file work-v8.pdb (PDB, C-alpha atoms and all ligand atoms)
MODEL        1
ATOM      1  CA  MET A   1      29.658 -49.142  -3.828
ATOM      2  CA  ASN A   2      29.228 -45.915  -5.718
ATOM      3  CA  ILE A   3      26.868 -43.995  -3.437
ATOM      4  CA  PRO A   4      26.412 -40.916  -5.677
ATOM      5  CA  ASN A   5      25.175 -43.226  -8.449
ATOM      6  CA  ILE A   6      22.341 -44.658  -6.352
ATOM      7  CA  LYS A   7      19.067 -43.011  -7.319
ATOM      8  CA  LYS A   8      17.479 -41.751  -4.125
ATOM      9  CA  VAL A   9      14.182 -40.790  -2.556
ATOM     10  CA  GLU A  10      14.122 -38.255   0.252
ATOM     11  CA  LEU A  11      11.013 -37.942   2.407
ATOM     12  CA  HIS A  12      12.179 -35.979   5.447
ATOM     13  CA  LEU A  13      13.778 -32.719   4.452
ATOM     14  CA  HIS A  14      13.149 -29.232   5.829
ATOM     15  CA  LEU A  15      13.429 -26.413   3.310
ATOM     16  CA  ASP A  16      14.500 -23.715   5.795
ATOM     17  CA  GLY A  17      17.215 -25.885   7.359
ATOM     18  CA  SER A  18      18.678 -26.696   3.963
ATOM     19  CA  ILE A  19      19.510 -23.346   2.317
ATOM     20  CA  SER A  20      23.103 -23.475   1.113
ATOM     21  CA  LEU A  21      25.616 -21.246   2.913
ATOM     22  CA  ASP A  22      26.326 -19.464  -0.392
ATOM     23  CA  LEU A  23      22.722 -18.440  -0.802
ATOM     24  CA  VAL A  24      22.392 -17.334   2.829
ATOM     25  CA  LYS A  25      25.502 -15.203   2.291
ATOM     26  CA  LYS A  26      24.049 -13.657  -0.850
ATOM     27  CA  LEU A  27      20.712 -12.875   0.794
ATOM     28  CA  SER A  28      21.894 -11.814   4.250
ATOM     29  CA  ASN A  29      25.187 -10.024   3.496
ATOM     30  CA  LEU A  30      26.617 -11.506   6.685
ATOM     31  CA  PRO A  31      30.218 -12.787   6.810
ATOM     32  CA  ILE A  32      30.442 -16.518   6.106
ATOM     33  CA  GLU A  33      31.906 -17.339   9.518
ATOM     34  CA  GLU A  34      28.963 -15.639  11.208
ATOM     35  CA  ILE A  35      26.515 -17.558   8.995
ATOM     36  CA  LYS A  36      28.176 -20.859   9.847
ATOM     37  CA  LYS A  37      28.027 -20.029  13.545
ATOM     38  CA  GLN A  38      24.345 -19.171  13.416
ATOM     39  CA  MET A  39      23.168 -21.857  11.037
ATOM     40  CA  ILE A  40      25.224 -25.027  11.461
ATOM     41  CA  ALA A  41      24.336 -26.900  14.636
ATOM     42  CA  LYS A  42      27.136 -28.299  16.760
ATOM     43  CA  GLU A  43      27.898 -31.993  16.413
ATOM     44  CA  LYS A  44      26.261 -32.303  19.813
ATOM     45  CA  CYS A  45      23.551 -29.824  20.850
ATOM     46  CA  ASN A  46      22.060 -29.796  24.344
ATOM     47  CA  ASP A  47      18.725 -30.998  22.989
ATOM     48  CA  LEU A  48      16.196 -30.591  20.178
ATOM     49  CA  LYS A  49      15.244 -27.109  21.379
ATOM     50  CA  ASP A  50      18.876 -26.007  21.108
ATOM     51  CA  TYR A  51      19.088 -27.512  17.570
ATOM     52  CA  LEU A  52      15.960 -25.584  16.550
ATOM     53  CA  THR A  53      17.576 -22.187  17.330
ATOM     54  CA  HIS A  54      19.633 -22.585  14.144
ATOM     55  CA  PHE A  55      16.577 -21.910  11.997
ATOM     56  CA  ASP A  56      16.230 -18.248  12.948
ATOM     57  CA  LEU A  57      18.642 -16.937  10.319
ATOM     58  CA  PRO A  58      17.290 -18.881   7.311
ATOM     59  CA  ILE A  59      13.713 -18.087   8.296
ATOM     60  CA  SER A  60      14.555 -14.372   8.550
ATOM     61  CA  ILE A  61      15.591 -14.296   4.899
ATOM     62  CA  MET A  62      12.728 -16.457   3.577
ATOM     63  CA  GLN A  63      10.159 -13.666   3.769
ATOM     64  CA  THR A  64       9.705 -12.493   0.165
ATOM     65  CA  LYS A  65       8.556 -14.257  -2.988
ATOM     66  CA  GLU A  66      11.909 -13.532  -4.680
ATOM     67  CA  ASN A  67      13.900 -15.117  -1.870
ATOM     68  CA  LEU A  68      11.556 -18.088  -1.524
ATOM     69  CA  LYS A  69      12.010 -18.817  -5.240
ATOM     70  CA  LEU A  70      15.796 -18.672  -4.887
ATOM     71  CA  VAL A  71      15.661 -20.993  -1.878
ATOM     72  CA  ALA A  72      13.541 -23.524  -3.796
ATOM     73  CA  LEU A  73      15.935 -23.458  -6.788
ATOM     74  CA  ASP A  74      18.916 -23.765  -4.442
ATOM     75  CA  LEU A  75      17.453 -26.916  -2.897
ATOM     76  CA  ILE A  76      16.803 -28.485  -6.305
ATOM     77  CA  LYS A  77      20.480 -27.967  -7.170
ATOM     78  CA  GLN A  78      21.506 -29.794  -3.974
ATOM     79  CA  LEU A  79      19.075 -32.655  -4.588
ATOM     80  CA  LYS A  80      20.542 -33.198  -8.046
ATOM     81  CA  LYS A  81      24.039 -33.580  -6.586
ATOM     82  CA  ASP A  82      22.673 -36.373  -4.385
ATOM     83  CA  ASN A  83      20.935 -38.054  -7.346
ATOM     84  CA  VAL A  84      17.523 -37.635  -5.707
ATOM     85  CA  ILE A  85      14.718 -38.452  -8.135
ATOM     86  CA  TYR A  86      11.780 -37.856  -5.801
ATOM     87  CA  ALA A  87      11.565 -35.627  -2.724
ATOM     88  CA  GLU A  88       8.875 -34.585  -0.299
ATOM     89  CA  VAL A  89      10.058 -31.233   1.030
ATOM     90  CA  ARG A  90       8.564 -29.840   4.208
ATOM     91  CA  PHE A  91       8.371 -26.448   5.838
ATOM     92  CA  ALA A  92       6.061 -24.389   8.067
ATOM     93  CA  PRO A  93       4.421 -21.654   5.947
ATOM     94  CA  ILE A  94       3.473 -19.623   9.035
ATOM     95  CA  PHE A  95       7.162 -18.763   9.629
ATOM     96  CA  HIS A  96       7.376 -16.951   6.299
ATOM     97  CA  THR A  97       4.634 -14.361   6.789
ATOM     98  CA  LYS A  98       6.628 -11.770   8.777
ATOM     99  CA  GLN A  99       6.821  -9.308   5.888
ATOM    100  CA  GLY A 100       3.229  -9.579   4.767
ATOM    101  CA  LEU A 101       3.012 -12.715   2.608
ATOM    102  CA  SER A 102      -0.022 -14.901   3.294
ATOM    103  CA  ILE A 103       0.572 -18.600   3.984
ATOM    104  CA  GLU A 104      -1.121 -19.315   0.658
ATOM    105  CA  GLU A 105       1.294 -17.032  -1.210
ATOM    106  CA  VAL A 106       4.207 -18.717   0.514
ATOM    107  CA  VAL A 107       3.029 -22.152  -0.605
ATOM    108  CA  THR A 108       2.146 -21.167  -4.182
ATOM    109  CA  THR A 109       5.500 -19.416  -4.644
ATOM    110  CA  ILE A 110       7.493 -22.541  -3.755
ATOM    111  CA  ASN A 111       5.048 -24.728  -5.609
ATOM    112  CA  GLU A 112       5.539 -22.791  -8.805
ATOM    113  CA  VAL A 113       9.294 -23.427  -8.763
ATOM    114  CA  PHE A 114       8.884 -27.104  -7.890
ATOM    115  CA  ASN A 115       6.305 -27.615 -10.640
ATOM    116  CA  GLN A 116       8.664 -26.284 -13.276
ATOM    117  CA  GLU A 117      11.388 -28.761 -12.353
ATOM    118  CA  GLN A 118      11.739 -31.439 -15.048
ATOM    119  CA  ASP A 119      14.277 -33.937 -13.681
ATOM    120  CA  ILE A 120      13.147 -34.379 -10.088
ATOM    121  CA  LYS A 121       9.587 -34.957  -8.957
ATOM    122  CA  LEU A 122       8.843 -32.768  -5.920
ATOM    123  CA  ASN A 123       5.975 -32.436  -3.485
ATOM    124  CA  LEU A 124       5.430 -30.258  -0.435
ATOM    125  CA  ILE A 125       4.533 -31.370   3.081
ATOM    126  CA  LEU A 126       3.083 -28.475   5.076
ATOM    127  CA  CYS A 127       4.150 -28.429   8.710
ATOM    128  CA  MET A 128       1.947 -27.477  11.591
ATOM    129  CA  MET A 129       4.085 -26.419  14.542
ATOM    130  CA  ARG A 130       4.092 -27.507  18.158
ATOM    131  CA  GLY A 131       3.658 -24.386  20.269
ATOM    132  CA  THR A 132       1.973 -22.134  17.670
ATOM    133  CA  LYS A 133      -1.641 -20.951  17.857
ATOM    134  CA  PRO A 134      -4.285 -23.622  17.118
ATOM    135  CA  LYS A 135      -5.805 -21.245  14.564
ATOM    136  CA  ASP A 136      -2.532 -21.103  12.599
ATOM    137  CA  ASN A 137      -2.293 -24.884  12.555
ATOM    138  CA  ALA A 138      -5.941 -25.214  11.489
ATOM    139  CA  GLU A 139      -5.240 -22.931   8.520
ATOM    140  CA  ILE A 140      -2.493 -25.290   7.381
ATOM    141  CA  ILE A 141      -5.048 -28.104   7.204
ATOM    142  CA  TYR A 142      -7.373 -26.092   4.986
ATOM    143  CA  LEU A 143      -4.493 -24.964   2.783
ATOM    144  CA  ALA A 144      -3.262 -28.536   2.431
ATOM    145  CA  LYS A 145      -6.771 -29.616   1.412
ATOM    146  CA  LYS A 146      -6.938 -26.876  -1.214
ATOM    147  CA  TYR A 147      -3.608 -27.821  -2.802
ATOM    148  CA  LEU A 148      -3.689 -31.571  -2.170
ATOM    149  CA  ASN A 149      -2.373 -33.406  -5.257
ATOM    150  CA  LYS A 150      -1.540 -30.023  -6.738
ATOM    151  CA  GLY A 151       1.960 -29.721  -5.327
ATOM    152  CA  VAL A 152       1.062 -30.492  -1.709
ATOM    153  CA  CYS A 153       0.971 -34.145  -0.697
ATOM    154  CA  ALA A 154       0.556 -34.174   3.114
ATOM    155  CA  ILE A 155       0.891 -32.370   6.432
ATOM    156  CA  ASP A 156       3.207 -32.859   9.402
ATOM    157  CA  LEU A 157       3.691 -31.640  12.957
ATOM    158  CA  ALA A 158       7.168 -30.377  13.861
ATOM    159  CA  GLY A 159       8.875 -28.559  16.719
ATOM    160  CA  ASP A 160       9.524 -29.087  20.408
ATOM    161  CA  GLU A 161       8.238 -32.605  21.256
ATOM    162  CA  ILE A 162       8.971 -32.450  24.946
ATOM    163  CA  ASN A 163       7.033 -29.328  25.930
ATOM    164  CA  TYR A 164       4.157 -29.851  23.479
ATOM    165  CA  PRO A 165       3.010 -33.496  23.524
ATOM    166  CA  LEU A 166       0.977 -34.911  20.675
ATOM    167  CA  GLU A 167      -2.231 -35.134  22.703
ATOM    168  CA  LEU A 168      -2.612 -31.339  22.324
ATOM    169  CA  TYR A 169      -3.020 -31.805  18.558
ATOM    170  CA  LYS A 170      -5.600 -34.586  18.583
ATOM    171  CA  ASP A 171      -8.465 -32.518  17.168
ATOM    172  CA  LEU A 172      -6.332 -31.119  14.362
ATOM    173  CA  PHE A 173      -5.329 -34.573  13.161
ATOM    174  CA  LYS A 174      -8.920 -35.772  13.480
ATOM    175  CA  LYS A 175      -9.924 -32.952  11.167
ATOM    176  CA  ALA A 176      -7.110 -33.743   8.717
ATOM    177  CA  ASP A 177      -8.156 -37.390   8.688
ATOM    178  CA  GLU A 178     -11.787 -36.470   8.022
ATOM    179  CA  LEU A 179     -10.634 -34.394   5.066
ATOM    180  CA  ASN A 180      -8.512 -37.315   3.752
ATOM    181  CA  ILE A 181      -5.260 -35.400   4.071
ATOM    182  CA  PRO A 182      -2.444 -37.876   4.679
ATOM    183  CA  PHE A 183       0.120 -37.069   7.315
ATOM    184  CA  THR A 184       3.449 -37.923   8.845
ATOM    185  CA  ILE A 185       4.247 -36.762  12.379
ATOM    186  CA  HIS A 186       7.571 -35.998  14.068
ATOM    187  CA  ALA A 187       7.419 -38.350  17.055
ATOM    188  CA  GLY A 188       9.745 -40.464  19.151
ATOM    189  CA  GLU A 189      12.756 -38.401  18.194
ATOM    190  CA  THR A 190      13.553 -36.910  21.580
ATOM    191  CA  SER A 191      10.233 -37.933  23.176
ATOM    192  CA  ASN A 192       9.320 -41.565  23.862
ATOM    193  CA  SER A 193       7.698 -44.542  22.167
ATOM    194  CA  LYS A 194       4.256 -43.648  23.593
ATOM    195  CA  GLU A 195       4.234 -40.601  21.318
ATOM    196  CA  ILE A 196       4.855 -42.867  18.321
ATOM    197  CA  LYS A 197       1.958 -45.074  19.364
ATOM    198  CA  LYS A 198      -0.249 -42.005  19.655
ATOM    199  CA  ALA A 199       0.795 -40.739  16.211
ATOM    200  CA  ILE A 200      -0.186 -44.088  14.710
ATOM    201  CA  GLN A 201      -3.505 -44.006  16.598
ATOM    202  CA  PHE A 202      -4.110 -40.600  15.011
ATOM    203  CA  ASN A 203      -3.596 -42.385  11.652
ATOM    204  CA  ALA A 204      -0.130 -41.151  10.679
ATOM    205  CA  LYS A 205       1.139 -43.182   7.711
ATOM    206  CA  ARG A 206       4.765 -42.442   8.469
ATOM    207  CA  ILE A 207       6.726 -41.241  11.487
ATOM    208  CA  GLY A 208       9.396 -38.553  11.405
ATOM    209  CA  HIS A 209      12.365 -40.221  13.162
ATOM    210  CA  GLY A 210      10.436 -42.654  15.383
ATOM    211  CA  ILE A 211      13.723 -44.075  16.627
ATOM    212  CA  LYS A 212      12.494 -44.467  20.208
ATOM    213  CA  ALA A 213      10.357 -47.370  18.929
ATOM    214  CA  ILE A 214      13.429 -49.511  19.540
ATOM    215  CA  ASP A 215      12.709 -49.302  23.302
ATOM    216  CA  ASP A 216       9.218 -50.753  23.037
ATOM    217  CA  ASP A 217       8.283 -54.150  21.555
ATOM    218  CA  GLU A 218       4.585 -53.329  21.550
ATOM    219  CA  VAL A 219       5.173 -50.217  19.443
ATOM    220  CA  LEU A 220       7.545 -52.120  17.127
ATOM    221  CA  ASN A 221       4.806 -54.678  16.545
ATOM    222  CA  ILE A 222       2.255 -51.977  15.757
ATOM    223  CA  ILE A 223       4.675 -50.338  13.296
ATOM    224  CA  LYS A 224       5.258 -53.691  11.597
ATOM    225  CA  GLU A 225       1.628 -54.661  11.493
ATOM    226  CA  LYS A 226       0.471 -51.335  10.072
ATOM    227  CA  GLN A 227       3.519 -51.066   7.788
ATOM    228  CA  ILE A 228       4.410 -47.614   9.029
ATOM    229  CA  LEU A 229       7.618 -46.211   7.562
ATOM    230  CA  LEU A 230      10.161 -44.513   9.821
ATOM    231  CA  GLU A 231      11.881 -41.496   8.260
ATOM    232  CA  ILE A 232      15.413 -41.893   9.628
ATOM    233  CA  CYS A 233      17.823 -38.931   9.811
ATOM    234  CA  PRO A 234      21.058 -40.273  11.378
ATOM    235  CA  THR A 235      23.284 -37.179  11.745
ATOM    236  CA  SER A 236      20.436 -35.015  12.981
ATOM    237  CA  ASN A 237      19.619 -37.609  15.670
ATOM    238  CA  ILE A 238      23.155 -37.404  17.022
ATOM    239  CA  GLN A 239      23.071 -33.595  17.073
ATOM    240  CA  THR A 240      19.780 -33.397  18.963
ATOM    241  CA  ASN A 241      21.125 -35.967  21.402
ATOM    242  CA  ALA A 242      18.277 -38.334  20.547
ATOM    243  CA  VAL A 243      21.136 -40.871  20.111
ATOM    244  CA  ASP A 244      24.527 -40.477  21.809
ATOM    245  CA  LYS A 245      26.731 -41.717  18.942
ATOM    246  CA  ILE A 246      26.247 -43.183  15.486
ATOM    247  CA  GLN A 247      27.360 -46.665  16.576
ATOM    248  CA  ASN A 248      24.347 -46.717  18.903
ATOM    249  CA  HIS A 249      21.841 -45.503  16.307
ATOM    250  CA  PRO A 250      18.974 -48.038  16.113
ATOM    251  CA  VAL A 251      18.717 -47.871  12.298
ATOM    252  CA  TYR A 252      20.465 -51.222  11.768
ATOM    253  CA  LYS A 253      18.459 -53.040  14.453
ATOM    254  CA  LEU A 254      15.220 -51.618  13.077
ATOM    255  CA  TYR A 255      16.214 -52.694   9.555
ATOM    256  CA  GLN A 256      17.089 -56.189  10.734
ATOM    257  CA  GLN A 257      13.689 -56.480  12.362
ATOM    258  CA  GLY A 258      11.979 -55.729   9.072
ATOM    259  CA  ILE A 259      10.752 -52.254   9.982
ATOM    260  CA  LEU A 260      10.160 -50.120   6.879
ATOM    261  CA  LEU A 261      12.502 -47.126   6.887
ATOM    262  CA  ASN A 262      14.383 -44.758   4.628
ATOM    263  CA  ILE A 263      17.374 -42.434   4.984
ATOM    264  CA  ASN A 264      17.096 -38.654   5.007
ATOM    265  CA  THR A 265      19.118 -35.531   5.792
ATOM    266  CA  ASP A 266      16.465 -33.683   7.868
ATOM    267  CA  ASN A 267      18.339 -30.381   7.383
ATOM    268  CA  ARG A 268      21.177 -30.218   4.898
ATOM    269  CA  THR A 269      22.770 -27.039   6.250
ATOM    270  CA  VAL A 270      21.833 -27.094   9.939
ATOM    271  CA  SER A 271      23.093 -30.702  10.075
ATOM    272  CA  ASN A 272      25.976 -29.943   7.679
ATOM    273  CA  THR A 273      25.194 -32.995   5.576
ATOM    274  CA  THR A 274      24.032 -34.383   2.235
ATOM    275  CA  LEU A 275      22.216 -37.594   1.407
ATOM    276  CA  ASN A 276      25.442 -39.018  -0.059
ATOM    277  CA  LYS A 277      27.143 -38.320   3.292
ATOM    278  CA  GLU A 278      24.346 -39.994   5.277
ATOM    279  CA  TYR A 279      24.544 -43.142   3.117
ATOM    280  CA  LYS A 280      28.337 -43.203   3.500
ATOM    281  CA  LEU A 281      28.033 -42.845   7.269
ATOM    282  CA  LEU A 282      25.678 -45.831   7.403
ATOM    283  CA  GLN A 283      27.805 -47.865   5.040
ATOM    284  CA  ASP A 284      30.908 -47.231   7.131
ATOM    285  CA  THR A 285      29.202 -47.821  10.479
ATOM    286  CA  PHE A 286      26.801 -50.668   9.760
ATOM    287  CA  LYS A 287      28.002 -52.104   6.417
ATOM    288  CA  PHE A 288      24.769 -51.385   4.604
ATOM    289  CA  THR A 289      25.055 -52.422   0.939
ATOM    290  CA  THR A 290      23.774 -50.961  -2.339
ATOM    291  CA  ALA A 291      21.027 -53.585  -2.297
ATOM    292  CA  ASP A 292      19.974 -52.428   1.195
ATOM    293  CA  PHE A 293      19.798 -48.808   0.054
ATOM    294  CA  ILE A 294      17.811 -49.714  -3.057
ATOM    295  CA  LYS A 295      15.400 -51.645  -0.873
ATOM    296  CA  MET A 296      14.958 -48.627   1.444
ATOM    297  CA  ASN A 297      14.347 -46.331  -1.522
ATOM    298  CA  LYS A 298      11.729 -48.732  -2.858
ATOM    299  CA  TRP A 299      10.008 -48.678   0.534
ATOM    300  CA  ALA A 300      10.216 -44.887   0.515
ATOM    301  CA  ILE A 301       8.355 -44.725  -2.792
ATOM    302  CA  GLU A 302       5.826 -47.302  -1.621
ATOM    303  CA  LYS A 303       5.113 -45.221   1.496
ATOM    304  CA  SER A 304       5.414 -41.837  -0.232
ATOM    305  CA  PHE A 305       2.318 -39.690  -0.650
ATOM    306  CA  LEU A 306       2.324 -40.127  -4.448
ATOM    307  CA  ASN A 307      -0.575 -41.789  -6.270
ATOM    308  CA  ASP A 308      -0.171 -45.416  -7.394
ATOM    309  CA  GLN A 309       0.608 -44.553 -10.988
ATOM    310  CA  GLU A 310       3.380 -42.142  -9.992
ATOM    311  CA  LYS A 311       4.758 -44.637  -7.487
ATOM    312  CA  GLU A 312       5.055 -47.298 -10.146
ATOM    313  CA  LYS A 313       6.781 -44.937 -12.566
ATOM    314  CA  ILE A 314       9.424 -43.763 -10.075
ATOM    315  CA  SER A 315       9.927 -47.144  -8.455
ATOM    316  CA  LYS A 316      11.015 -48.604 -11.814
ATOM    317  CA  LEU A 317      13.810 -46.031 -12.048
ATOM    318  CA  LEU A 318      15.309 -46.934  -8.680
ATOM    319  CA  THR A 319      17.146 -50.055  -9.815
ATOM    320  CA  LYS A 320      18.640 -48.436 -12.906
ATOM    321  CA  PHE A 321      22.119 -46.946 -12.688
TER     322      PHE A 321
HETATM  323 ZN    ZN B   1      12.435 -33.012  10.911
ENDMDL
END
call {"tool": "encode", "arguments": {"input": "work-v8.pdb", "output": "structure tokens"}}
result
Amino acid sequence: MNIPNIKKVELHLHLDGSISLDLVKKLSNLPIEEIKKQMIAKEKCNDLKDYLTHFDLPISIMQTKENLKLVALDLIKQLKKDNVIYAEVRFAPIFHTKQGLSIEEVVTTINEVFNQEQDIKLNLILCMMRGTKPKDNAEIIYLAKKYLNKGVCAIDLAGDEINYPLELYKDLFKKADELNIPFTIHAGETSNSKEIKKAIQFNAKRIGHGIKAIDDDEVLNIIKEKQILLEICPTSNIQTNAVDKIQNHPVYKLYQQGILLNINTDNRTVSNTTLNKEYKLLQDTFKFTTADFIKMNKWAIEKSFLNDQEKEKISKLLTKF
């Protein structure tokens, strides 16, 4: 199997966790060893909260329009190396307002770069954050509505799942649903299957990670029945200790049970990975084939937040080498 040749779709990818080390070096002037120490998470962190500390450095340099543009271009370069043809890139605009940019300026700056890209189709998912002010999260909903189908395709909720359960965000998702903004929610990564069930009750169309569904037949049945796609990020799950080792990752069991899923990096730099590496890891561990990966990419397009016409166009490209 020639993994780099497989045309790919990536749906779960954080912009701030994916800035290349070279660009961080250029923008921070820190020595490379120091950057690696601050930004690359250990192969095994204590927990998700520990993993999330590695975002401080990239966020500190993503505070001006110039730098945001460079970060967006840097990501596009990485996606090309992985042969990604469609990506939904997520980030939390509120983290990039420390030097005076408004959340709208943050979004339009990245959007502008993504819109100019010819070879890869790109959309933004705007993240609300667990633990930030309700007002800040509400603003993300209104911003997503304003730019929906104009570079923004959905919203998400990210951050510390354990200390900020989903129930706290019920009203926000109700509002998003009323405004017809689609969403995916990080759930059942380090929390439990009940959080996945709740996310689906809120009307999430996809689940970020969702791997804890494997513990709960009722939740698996709901996922199957509603055709919810799980955005799987294998290496990241090991690092956050959501799974102890790759051999025990539920991705193969979920796949065998007919659960819709796709493969993602989560954070290219924090997790020290690429999409090619993630595919190789799964091929080596579980013997996934090219046909399996093509099938997952087709599901990813089907459950992407593109319109039907765009889905059809990109889906046709997935089987061509
Ligand atoms: Zn994530």
call {"tool": "closest_residue", "arguments": {"input": "work-v8.pdb", "among": "A:Thr184, A:Gln116, A:Ser18, A:Thr190", "to": "Leu79 of chain A", "atoms": "all atoms listed in the file"}}
result
A:Ser18
call {"tool": "residues_near_ligand", "arguments": {"input": "work-v8.pdb", "ligand": "ligand ZN 1 (chain B)", "cutoff": "10 Å", "atoms": "only C-alpha atoms and all ligand atoms", "output": "ChimeraX atom specification"}}
result
/A:11-14,17,52,90-91,127,156-159,185-187,189,208-209,231-233,236-237,264-267
call {"tool": "axis_aligned_box", "arguments": {"input": "work-v8.pdb", "around": "segment 244-254 of chain A", "padding_each_side": "5 Å", "output": "AutoDock Vina command-line options"}}
result
--center_x 21.3 --center_y -46.8 --center_z 16.8 --size_x 22.1 --size_y 22.6 --size_z 20.0
call {"tool": "atom_distance", "arguments": {"input": "work-v8.pdb", "atom1": "atom CA of Ser28 of chain A", "atom2": "atom CA of Ser60 of chain A"}}
result
8.9 Å
call {"tool": "atom_distance", "arguments": {"input": "work-v8.pdb", "atom1": "atom CA of Asn297 of chain A", "atom2": "atom CA of Gly210 of chain A"}}
result
17.7 Å
call {"tool": "resolve_selection", "arguments": {"input": "work-v8.pdb", "expression": "the PyMOL selection byres (((chain A and resi 38-51) around 6) and not hetatm)", "output": "list in words"}}
result
Ile35, Lys36, Lys37, Leu52, Thr53, His54, Gln239, Thr240, Asn241 and Val270 of chain A
call {"tool": "write_last_selection", "arguments": {"input": "work-v8.pdb", "atoms": "C-alpha atoms", "output": "PDB file, keeping the file's coordinate frame"}}
result
ATOM      1  CA  ILE A  35      26.515 -17.558   8.995  1.00  0.00           C
ATOM      2  CA  LYS A  36      28.176 -20.859   9.847  1.00  0.00           C
ATOM      3  CA  LYS A  37      28.027 -20.029  13.545  1.00  0.00           C
ATOM      4  CA  LEU A  52      15.960 -25.584  16.550  1.00  0.00           C
ATOM      5  CA  THR A  53      17.576 -22.187  17.330  1.00  0.00           C
ATOM      6  CA  HIS A  54      19.633 -22.585  14.144  1.00  0.00           C
ATOM      7  CA  GLN A 239      23.071 -33.595  17.073  1.00  0.00           C
ATOM      8  CA  THR A 240      19.780 -33.397  18.963  1.00  0.00           C
ATOM      9  CA  ASN A 241      21.125 -35.967  21.402  1.00  0.00           C
ATOM     10  CA  VAL A 270      21.833 -27.094   9.939  1.00  0.00           C
TER      11      VAL A 270
END
call {"tool": "residues_near_point", "arguments": {"input": "work-v8.pdb", "point": "(19.4, -41.7, -4.3)", "cutoff": "6 Å", "atoms": "only C-alpha atoms", "output": "ChimeraX atom specification"}}
result
/A:6-9,83-84
call {"tool": "write_last_selection", "arguments": {"input": "work-v8.pdb", "atoms": "C-alpha atoms", "output": "PDB file, keeping the file's coordinate frame"}}
result
ATOM      1  CA  ILE A   6      22.341 -44.658  -6.352  1.00  0.00           C
ATOM      2  CA  LYS A   7      19.067 -43.011  -7.319  1.00  0.00           C
ATOM      3  CA  LYS A   8      17.479 -41.751  -4.125  1.00  0.00           C
ATOM      4  CA  VAL A   9      14.182 -40.790  -2.556  1.00  0.00           C
ATOM      5  CA  ASN A  83      20.935 -38.054  -7.346  1.00  0.00           C
ATOM      6  CA  VAL A  84      17.523 -37.635  -5.707  1.00  0.00           C
TER       7      VAL A  84
END
call {"tool": "closest_residue", "arguments": {"input": "work-v8.pdb", "among": "A:Phe173, A:Ser102, A:Gly188, A:Ile162", "to": "Leu143 of chain A", "atoms": "all atoms listed in the file"}}
result
A:Ser102
call {"tool": "residues_around", "arguments": {"input": "work-v8.pdb", "residues": "Ile301 of chain A", "least_positions_apart": "2", "cutoff": "8 Å", "atoms": "only C-alpha atoms", "output": "PyMOL selection string"}}
result
chain A and resi 9+297-299+303-304+306+311+314-315
call {"tool": "resolve_selection", "arguments": {"input": "work-v8.pdb", "expression": "the PyMOL selection byres (((chain A and resi 137) around 12) and not hetatm)", "output": "ChimeraX atom specification"}}
result
/A:92-95,103,126-136,138-144,155-158,168-173,175-176
call {"tool": "atom_distance", "arguments": {"input": "work-v8.pdb", "atom1": "atom CA of Leu101 of chain A", "atom2": "atom CA of Lys65 of chain A"}}
result
8.0 Å
call {"tool": "closest_residue", "arguments": {"input": "work-v8.pdb", "among": "A:Asp119, A:Ile246, A:Ile222, A:Ile85", "to": "Leu317 of chain A", "atoms": "all atoms listed in the file"}}
result
A:Ile85
call {"tool": "resolve_selection", "arguments": {"input": "work-v8.pdb", "expression": "the PyMOL selection byres (((chain A and resi 219) around 12) and not hetatm)", "output": "NGL selection string"}}
result
:A and (188 or 192-201 or 210-218 or 220-228 or 254 or 259)
call {"tool": "decode", "arguments": {"input": "work-v8.pdb", "residues": "segment 262-271 of chain A", "atoms": "N, CA and C atoms", "output": "compact mmCIF listing (two decimals), in the first residue's frame"}}
result
# COMPACT_ATOMS: atom_id res chain seq x y z
N ASN A 262 -13.52 8.23 10.71
CA ASN A 262 -12.40 8.58 9.83
C ASN A 262 -11.16 8.83 10.68
N ILE A 263 -10.01 8.95 10.03
CA ILE A 263 -8.73 9.06 10.74
C ILE A 263 -8.19 10.48 10.63
N ASN A 264 -7.72 10.98 11.76
CA ASN A 264 -7.26 12.37 11.83
C ASN A 264 -6.01 12.48 12.68
N THR A 265 -5.36 13.66 12.59
CA THR A 265 -4.14 13.86 13.40
C THR A 265 -4.44 14.54 14.73
N ASP A 266 -5.54 15.29 14.83
CA ASP A 266 -5.86 16.11 16.00
C ASP A 266 -4.93 17.32 16.04
N ASN A 267 -3.64 17.08 16.33
CA ASN A 267 -2.65 18.16 16.40
C ASN A 267 -1.35 17.66 15.83
N ARG A 268 -0.97 18.18 14.67
CA ARG A 268 0.19 17.63 13.97
C ARG A 268 1.49 17.82 14.75
N THR A 269 1.64 18.97 15.40
CA THR A 269 2.91 19.22 16.11
C THR A 269 2.84 18.74 17.56
N VAL A 270 1.78 19.07 18.27
CA VAL A 270 1.67 18.64 19.67
C VAL A 270 1.71 17.10 19.73
N SER A 271 1.11 16.43 18.75
CA SER A 271 1.13 14.97 18.74
C SER A 271 2.27 14.41 17.89
